[in-house]
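Novice: One structure, as structure tokens, below. Some questions next.
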Amino acid sequence: VGHQKSETLFYQNARPTRIRVEGSDGSSEVYALKDTFGAQRVDFKAPINTNLVKIVVDQVVPGNKYQDTCIAEVSFF
């Protein structure tokens with residue numbers, strides 16, 4: 001999570017520390033994220049069968065220069 005081009009940009013931009021993942025099947029899980037530069041893996045507690053996934057940013061750490069919140073990449077497998 002966060003800007004991943006450089007560690008400097010990571011701390012200059014806001015980044016999520018808590019997200020909620022919602023599925024179109026009605027499932028919803030909350031995850032705490034580490035405030036550290038680099039990729040993070042979030043594992044679902046149980047498999048979900050859904051056609052749509054929505055990621056809601058519930059909490060962020062403010063950037064020390066910019067106000068935007070960055071998420072570099074999301075992959076599902």
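To be explicit about the labels: the chains of the structure tokens are called A, B, and onward in the order shown, and within each one the residues are counted from 1, while ligands get numbers from 1 in the order they are shown.
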Which neighbours of A:Asp35 fall inside 12 Å, counting only C-alpha atoms, when residues of the same chain fewer than 6 positions from it are skipped, and could you give them as a count of residues only?

Specialist: 17

Novice: Could you tell me, as a ChimeraX atom specification, which residues of chain A DSSP assigns to alpha helix (DSSP H) when given the backbone?

Specialist: /A:7-12

Novice: Please, what distance in Å, to one decimal, runs between atom CA of A:Asp68 and atom CA of A:Ser6?

Specialist: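 That distance, rounded to one decimal, is 15.9 Å.
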
Novice: Can you pull out the residues contacting A:Asp25? Cut-off 12 Å, using only C-alpha atoms, and skip same-chain residues under 3 positions away; I want them as a PDB file with N, CA and C atoms, in the first residue's frame.

Specialist:
```pdb
ATOM      1  N   VAL A  21     -12.779  -4.842   2.942  1.00  0.00           N
ATOM      2  CA  VAL A  21     -12.991  -5.489   1.649  1.00  0.00           C
ATOM      3  C   VAL A  21     -14.405  -6.051   1.650  1.00  0.00           C
ATOM      4  N   GLU A  22     -15.221  -5.577   0.697  1.00  0.00           N
ATOM      5  CA  GLU A  22     -16.617  -5.998   0.621  1.00  0.00           C
ATOM      6  C   GLU A  22     -16.848  -6.734  -0.692  1.00  0.00           C
ATOM      7  N   SER A  28     -17.833  -9.158   4.137  1.00  0.00           N
ATOM      8  CA  SER A  28     -17.088  -7.955   4.486  1.00  0.00           C
ATOM      9  C   SER A  28     -16.046  -8.315   5.533  1.00  0.00           C
ATOM     10  N   PRO A  47     -12.566 -18.385   1.824  1.00  0.00           N
ATOM     11  CA  PRO A  47     -12.806 -18.085   0.404  1.00  0.00           C
ATOM     12  C   PRO A  47     -14.168 -17.410   0.218  1.00  0.00           C
ATOM     13  N   ILE A  48     -14.238 -16.494  -0.745  1.00  0.00           N
ATOM     14  CA  ILE A  48     -15.515 -15.857  -1.049  1.00  0.00           C
ATOM     15  C   ILE A  48     -15.839 -16.081  -2.525  1.00  0.00           C
ATOM     16  N   ASN A  49     -17.112 -16.189  -2.821  1.00  0.00           N
ATOM     17  CA  ASN A  49     -17.586 -16.356  -4.183  1.00  0.00           C
ATOM     18  C   ASN A  49     -18.343 -15.092  -4.545  1.00  0.00           C
ATOM     19  N   THR A  50     -17.712 -14.214  -5.319  1.00  0.00           N
ATOM     20  CA  THR A  50     -18.280 -12.903  -5.583  1.00  0.00           C
ATOM     21  C   THR A  50     -17.966 -12.452  -6.998  1.00  0.00           C
ATOM     22  N   ASN A  51     -18.792 -11.562  -7.524  1.00  0.00           N
ATOM     23  CA  ASN A  51     -18.563 -10.996  -8.849  1.00  0.00           C
ATOM     24  C   ASN A  51     -17.900  -9.626  -8.782  1.00  0.00           C
ATOM     25  N   LEU A  52     -17.899  -9.026  -7.595  1.00  0.00           N
ATOM     26  CA  LEU A  52     -17.399  -7.674  -7.441  1.00  0.00           C
ATOM     27  C   LEU A  52     -16.734  -7.545  -6.072  1.00  0.00           C
ATOM     28  N   VAL A  53     -15.611  -6.860  -6.036  1.00  0.00           N
ATOM     29  CA  VAL A  53     -14.921  -6.588  -4.773  1.00  0.00           C
ATOM     30  C   VAL A  53     -14.742  -5.080  -4.659  1.00  0.00           C
ATOM     31  N   LYS A  54     -15.130  -4.539  -3.518  1.00  0.00           N
ATOM     32  CA  LYS A  54     -14.954  -3.115  -3.249  1.00  0.00           C
ATOM     33  C   LYS A  54     -13.984  -2.976  -2.086  1.00  0.00           C
TER      34      LYS A  54
END
```

Novice: Run DSSP on the backbone of this structure and report the residues of chain A it assigns to strand (DSSP E or B), as a list in words.

Specialist: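 Filtering chain A down to strand (DSSP E or B) leaves Gly2, Ala14, Arg15, Pro16, Thr17, Arg18, Ile19, Arg20, Val21, Glu22, Gly23, Ser28, Glu29, Val30, Tyr31, Ala32, Val53, Lys54, Ile55, Val56, Val57, Asp58, Gln59, Val60, Val61, Thr69 and Ile71 of chain A.
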